[in-house]
file structure_5.cif (mmCIF, C-alpha atoms)
data_upload
#
loop_
_atom_site.label_atom_id
_atom_site.label_comp_id
_atom_site.auth_asym_id
_atom_site.auth_seq_id
_atom_site.Cartn_x
_atom_site.Cartn_y
_atom_site.Cartn_z
CA MET A 279 29.14 12.62 -51.66
CA LEU A 280 28.91 14.06 -48.17
CA ALA A 281 26.10 16.24 -46.93
CA VAL A 282 26.70 18.92 -44.34
CA ALA A 283 23.97 19.61 -41.82
CA THR A 284 24.01 22.84 -39.88
CA SER A 285 22.32 23.55 -36.61
CA SER A 286 22.96 26.85 -34.87
CA CYS A 287 26.76 27.07 -34.63
CA VAL A 288 27.64 23.35 -34.92
CA LYS A 289 28.40 21.67 -38.26
CA THR A 290 28.23 17.89 -38.52
CA VAL A 291 29.03 15.64 -41.45
CA VAL A 292 26.25 13.20 -42.31
CA GLU A 293 27.06 10.10 -44.36
CA PRO A 294 24.40 9.26 -46.98
CA ARG A 295 22.40 6.15 -46.16
CA SER A 296 22.70 3.13 -48.37
CA THR A 297 19.39 1.84 -49.73
CA GLU A 298 20.71 -1.72 -49.64
CA ARG A 299 20.38 -3.57 -46.33
CA GLN A 300 23.29 -5.63 -45.15
CA PRO A 301 22.58 -8.85 -43.21
CA THR A 302 23.91 -9.00 -39.66
CA ILE A 303 26.92 -11.28 -39.32
CA SER A 304 27.85 -13.06 -36.12
CA ASN A 305 30.61 -15.57 -35.51
CA ASP A 306 28.31 -18.40 -34.46
CA ASN A 307 25.64 -17.87 -37.14
CA PRO A 308 27.29 -17.45 -40.58
CA VAL A 309 25.39 -15.67 -43.36
CA PRO A 310 25.30 -17.21 -46.85
CA VAL A 311 27.52 -15.70 -49.53
CA ARG A 312 26.06 -12.52 -51.01
CA GLY A 313 24.26 -13.14 -54.28
CA ARG A 314 23.66 -16.80 -53.47
CA LEU A 315 20.29 -17.56 -51.92
CA THR A 316 19.56 -20.48 -49.64
CA ASN A 317 17.05 -22.68 -51.46
CA LEU A 318 14.27 -23.49 -49.02
CA ASN A 319 13.41 -26.68 -50.91
CA THR A 320 16.87 -28.28 -50.89
CA ALA A 321 18.66 -26.74 -47.88
CA THR A 322 19.90 -29.05 -45.17
CA ARG A 323 19.16 -28.51 -41.50
CA GLU A 324 22.64 -27.04 -41.00
CA GLU A 325 22.23 -24.60 -43.91
CA LEU A 326 18.88 -23.42 -42.59
CA ALA A 327 20.21 -23.14 -39.03
CA GLY A 328 22.97 -20.89 -40.38
CA LEU A 329 20.44 -18.22 -41.33
CA PRO A 330 20.00 -15.30 -38.91
CA GLY A 331 17.27 -16.00 -36.37
CA ILE A 332 16.88 -19.64 -37.39
CA GLY A 333 18.25 -22.24 -34.98
CA GLN A 334 18.25 -26.01 -35.06
CA THR A 335 14.63 -26.27 -33.85
CA MET A 336 13.25 -23.82 -36.43
CA ALA A 337 15.30 -25.50 -39.17
CA ALA A 338 13.73 -28.83 -38.20
CA ARG A 339 10.25 -27.26 -38.40
CA ILE A 340 10.98 -25.90 -41.89
CA ILE A 341 12.12 -29.32 -43.10
CA ALA A 342 9.13 -31.06 -41.47
CA HIS A 343 6.77 -28.60 -43.17
CA ARG A 344 8.50 -29.19 -46.51
CA GLU A 345 8.23 -32.98 -46.13
CA ARG A 346 4.59 -32.89 -45.07
CA TYR A 347 3.20 -30.34 -47.54
CA GLY A 348 5.69 -30.53 -50.40
CA PRO A 349 8.15 -27.93 -51.69
CA PHE A 350 7.67 -24.24 -51.07
CA ARG A 351 6.34 -22.53 -54.21
CA ARG A 352 7.29 -19.05 -53.06
CA ALA A 353 9.68 -17.81 -50.39
CA GLU A 354 6.76 -16.03 -48.71
CA HIS A 355 5.22 -19.43 -47.93
CA LEU A 356 7.92 -19.79 -45.28
CA MET A 357 5.58 -17.78 -43.03
CA MET A 358 3.26 -20.80 -42.89
CA VAL A 359 5.84 -22.55 -40.70
CA ARG A 360 5.00 -22.13 -37.01
CA GLY A 361 7.36 -19.58 -35.50
CA ILE A 362 8.16 -17.67 -38.68
CA SER A 363 6.49 -14.29 -38.28
CA ASP A 364 6.21 -11.56 -40.88
CA ARG A 365 8.98 -9.70 -39.10
CA ARG A 366 11.34 -12.68 -39.09
CA PHE A 367 10.57 -13.40 -42.74
CA ARG A 368 11.43 -9.82 -43.71
CA GLN A 369 14.85 -10.32 -42.07
CA LEU A 370 15.39 -13.49 -44.12
CA ARG A 371 13.85 -12.37 -47.44
CA ALA A 372 17.13 -11.27 -49.01
CA LEU A 373 18.81 -14.57 -48.07
CA VAL A 374 16.27 -17.23 -49.11
CA GLY A 375 14.56 -18.32 -52.29
CA VAL A 376 12.97 -21.30 -54.02
CA GLU A 377 13.74 -23.08 -57.25
#

call {"tool": "encode", "arguments": {"input": "structure_5.cif", "output": "C-alpha cells"}}
result
Amino acid sequence: MLAVATSSCVKTVVEPRSTERQPTISNDNPVPVRGRLTNLNTATREELAGLPGIGQTMAARIIAHRERYGPFRRAEHLMMVRGISDRRFRQLRALVGVE
C-alpha cells in the first residue's frame, strides 16, 4: 500500500516504513543467517568478530569474560563486557542469544 503526501502543488509517493529492522551487511563483516542467533556462550572468536561492530579485540574480551565469570545467563549481560555500550548492544540484540 502506498501513501500519497501532498504539499502545496507537489505530490510525492511515500513508501510505508517496515517495523522490522534489517542488520547492516558489509563485505568484510558478514551477518549471521536471519533467524539463527549467535550463541554468546558457544561462539568462537571468529563468529563473534563477524557480528557488526565487534572486531577481533572485542571478541577476545567477550570470550575472556565468559571464561572468567561463566556463561552468560541473558543476552543483556553482554553489556558487562568492557566496550559493549547500551547502544552497541541494541545493534546486536537481534543477532545474539544464549542457550

call {"tool": "atom_distance", "arguments": {"input": "structure_5.cif", "atom1": "atom CA of Glu345 of chain A", "atom2": "atom CA of Gly331 of chain A"}}
result
21.6 Å

call {"tool": "atom_distance", "arguments": {"input": "structure_5.cif", "atom1": "atom CA of Ile340 of chain A", "atom2": "atom CA of Ala372 of chain A"}}
result
17.4 Å

call {"tool": "residues_around", "arguments": {"input": "structure_5.cif", "residues": "Met357 of chain A", "least_positions_apart": "4", "cutoff": "10 Å", "atoms": "all atoms listed in the file", "output": "mmCIF file with C-alpha atoms, in the coordinates of the input"}}
result
data_model
loop_
_atom_site.group_PDB
_atom_site.id
_atom_site.type_symbol
_atom_site.label_atom_id
_atom_site.label_comp_id
_atom_site.auth_asym_id
_atom_site.auth_seq_id
_atom_site.Cartn_x
_atom_site.Cartn_y
_atom_site.Cartn_z
ATOM 1 C CA ILE A 340 10.980 -25.900 -41.890
ATOM 2 C CA ALA A 353 9.680 -17.810 -50.390
ATOM 3 C CA GLY A 361 7.360 -19.580 -35.500
ATOM 4 C CA ILE A 362 8.160 -17.670 -38.680
ATOM 5 C CA SER A 363 6.490 -14.290 -38.280
ATOM 6 C CA ASP A 364 6.210 -11.560 -40.880
ATOM 7 C CA ARG A 365 8.980 -9.700 -39.100
ATOM 8 C CA ARG A 366 11.340 -12.680 -39.090
ATOM 9 C CA PHE A 367 10.570 -13.400 -42.740
ATOM 10 C CA ARG A 368 11.430 -9.820 -43.710
#

call {"tool": "closest_residue", "arguments": {"input": "structure_5.cif", "among": "A:Asn317, A:Gln369, A:Thr322, A:Thr335", "to": "Arg351 of chain A", "atoms": "only C-alpha atoms"}}
result
A:Asn317

call {"tool": "resolve_selection", "arguments": {"input": "structure_5.cif", "expression": "the PyMOL selection byres ((chain A and resi 337) around 12)", "output": "number ranges by chain"}}
result
A: 318-319, 321-336, 338-344, 356, 359-362

call {"tool": "atom_distance", "arguments": {"input": "structure_5.cif", "atom1": "atom CA of Leu373 of chain A", "atom2": "atom CA of Pro349 of chain A"}}
result
17.5 Å

call {"tool": "build_atoms", "arguments": {"input": "structure_5.cif", "residues": "segment 343-377 of chain A", "atoms": "N, CA and C atoms", "output": "JSON list (two decimals), in the coordinates of the input"}}
result
[["chain", "number", "residue", "atom", "x", "y", "z"],
["A", 343, "HIS", "N", 7.84, -29.21, -42.37],
["A", 343, "HIS", "CA", 6.77, -28.60, -43.17],
["A", 343, "HIS", "C", 6.94, -28.95, -44.65],
["A", 344, "ARG", "N", 8.17, -28.88, -45.11],
["A", 344, "ARG", "CA", 8.50, -29.19, -46.51],
["A", 344, "ARG", "C", 8.20, -30.65, -46.83],
["A", 345, "GLU", "N", 8.50, -31.56, -45.90],
["A", 345, "GLU", "CA", 8.23, -32.98, -46.13],
["A", 345, "GLU", "C", 6.75, -33.30, -46.07],
["A", 346, "ARG", "N", 6.02, -32.61, -45.22],
["A", 346, "ARG", "CA", 4.59, -32.89, -45.07],
["A", 346, "ARG", "C", 3.74, -32.29, -46.19],
["A", 347, "TYR", "N", 4.04, -31.05, -46.58],
["A", 347, "TYR", "CA", 3.20, -30.34, -47.54],
["A", 347, "TYR", "C", 3.82, -30.19, -48.93],
["A", 348, "GLY", "N", 5.04, -30.66, -49.11],
["A", 348, "GLY", "CA", 5.69, -30.53, -50.40],
["A", 348, "GLY", "C", 6.57, -29.28, -50.45],
["A", 349, "PRO", "N", 7.21, -29.06, -51.58],
["A", 349, "PRO", "CA", 8.15, -27.93, -51.69],
["A", 349, "PRO", "C", 7.44, -26.58, -51.58],
["A", 350, "PHE", "N", 8.18, -25.60, -51.12],
["A", 350, "PHE", "CA", 7.67, -24.24, -51.07],
["A", 350, "PHE", "C", 7.58, -23.71, -52.51],
["A", 351, "ARG", "N", 6.47, -23.10, -52.87],
["A", 351, "ARG", "CA", 6.34, -22.53, -54.21],
["A", 351, "ARG", "C", 6.85, -21.11, -54.28],
["A", 352, "ARG", "N", 6.78, -20.41, -53.16],
["A", 352, "ARG", "CA", 7.29, -19.05, -53.06],
["A", 352, "ARG", "C", 7.99, -18.90, -51.71],
["A", 353, "ALA", "N", 8.96, -18.02, -51.65],
["A", 353, "ALA", "CA", 9.68, -17.81, -50.39],
["A", 353, "ALA", "C", 8.74, -17.31, -49.30],
["A", 354, "GLU", "N", 7.72, -16.57, -49.67],
["A", 354, "GLU", "CA", 6.76, -16.03, -48.71],
["A", 354, "GLU", "C", 6.00, -17.14, -47.98],
["A", 355, "HIS", "N", 5.91, -18.31, -48.57],
["A", 355, "HIS", "CA", 5.22, -19.43, -47.93],
["A", 355, "HIS", "C", 5.96, -19.92, -46.69],
["A", 356, "LEU", "N", 7.17, -19.46, -46.49],
["A", 356, "LEU", "CA", 7.92, -19.79, -45.28],
["A", 356, "LEU", "C", 7.17, -19.33, -44.04],
["A", 357, "MET", "N", 6.34, -18.29, -44.17],
["A", 357, "MET", "CA", 5.58, -17.78, -43.03],
["A", 357, "MET", "C", 4.50, -18.75, -42.56],
["A", 358, "MET", "N", 4.23, -19.79, -43.33],
["A", 358, "MET", "CA", 3.26, -20.80, -42.89],
["A", 358, "MET", "C", 3.85, -21.75, -41.86],
["A", 359, "VAL", "N", 5.17, -21.72, -41.71],
["A", 359, "VAL", "CA", 5.84, -22.55, -40.70],
["A", 359, "VAL", "C", 5.65, -21.89, -39.34],
["A", 360, "ARG", "N", 5.21, -22.67, -38.34],
["A", 360, "ARG", "CA", 5.00, -22.13, -37.01],
["A", 360, "ARG", "C", 6.29, -21.52, -36.47],
["A", 361, "GLY", "N", 6.20, -20.27, -36.05],
["A", 361, "GLY", "CA", 7.36, -19.58, -35.50],
["A", 361, "GLY", "C", 8.00, -18.60, -36.45],
["A", 362, "ILE", "N", 7.62, -18.63, -37.71],
["A", 362, "ILE", "CA", 8.16, -17.67, -38.68],
["A", 362, "ILE", "C", 7.13, -16.55, -38.83],
["A", 363, "SER", "N", 7.40, -15.44, -38.22],
["A", 363, "SER", "CA", 6.49, -14.29, -38.28],
["A", 363, "SER", "C", 6.82, -13.45, -39.51],
["A", 364, "ASP", "N", 5.97, -12.49, -39.77],
["A", 364, "ASP", "CA", 6.21, -11.56, -40.88],
["A", 364, "ASP", "C", 7.51, -10.81, -40.65],
["A", 365, "ARG", "N", 7.75, -10.43, -39.42],
["A", 365, "ARG", "CA", 8.98, -9.70, -39.10],
["A", 365, "ARG", "C", 10.22, -10.55, -39.34],
["A", 366, "ARG", "N", 10.19, -11.79, -38.89],
["A", 366, "ARG", "CA", 11.34, -12.68, -39.09],
["A", 366, "ARG", "C", 11.55, -12.95, -40.58],
["A", 367, "PHE", "N", 10.44, -13.15, -41.31],
["A", 367, "PHE", "CA", 10.57, -13.40, -42.74],
["A", 367, "PHE", "C", 11.22, -12.21, -43.44],
["A", 368, "ARG", "N", 10.84, -11.00, -43.07],
["A", 368, "ARG", "CA", 11.43, -9.82, -43.71],
["A", 368, "ARG", "C", 12.93, -9.76, -43.47],
["A", 369, "GLN", "N", 13.42, -10.27, -42.34],
["A", 369, "GLN", "CA", 14.85, -10.32, -42.07],
["A", 369, "GLN", "C", 15.55, -11.35, -42.97],
["A", 370, "LEU", "N", 14.81, -12.40, -43.32],
["A", 370, "LEU", "CA", 15.39, -13.49, -44.12],
["A", 370, "LEU", "C", 15.20, -13.32, -45.62],
["A", 371, "ARG", "N", 14.28, -12.46, -46.04],
["A", 371, "ARG", "CA", 13.85, -12.37, -47.44],
["A", 371, "ARG", "C", 15.02, -12.25, -48.43],
["A", 372, "ALA", "N", 16.01, -11.47, -48.10],
["A", 372, "ALA", "CA", 17.13, -11.27, -49.01],
["A", 372, "ALA", "C", 18.09, -12.47, -49.06],
["A", 373, "LEU", "N", 17.88, -13.44, -48.17],
["A", 373, "LEU", "CA", 18.81, -14.57, -48.07],
["A", 373, "LEU", "C", 18.24, -15.90, -48.55],
["A", 374, "VAL", "N", 16.90, -15.96, -48.74],
["A", 374, "VAL", "CA", 16.27, -17.23, -49.11],
["A", 374, "VAL", "C", 15.51, -17.11, -50.42],
["A", 375, "GLY", "N", 15.33, -18.26, -51.06],
["A", 375, "GLY", "CA", 14.56, -18.32, -52.29],
["A", 375, "GLY", "C", 14.12, -19.75, -52.54],
["A", 376, "VAL", "N", 13.41, -19.96, -53.63],
["A", 376, "VAL", "CA", 12.97, -21.30, -54.02],
["A", 376, "VAL", "C", 13.30, -21.50, -55.49],
["A", 377, "GLU", "N", 13.48, -22.74, -55.85],
["A", 377, "GLU", "CA", 13.74, -23.08, -57.25],
["A", 377, "GLU", "C", 12.80, -24.17, -57.68]]
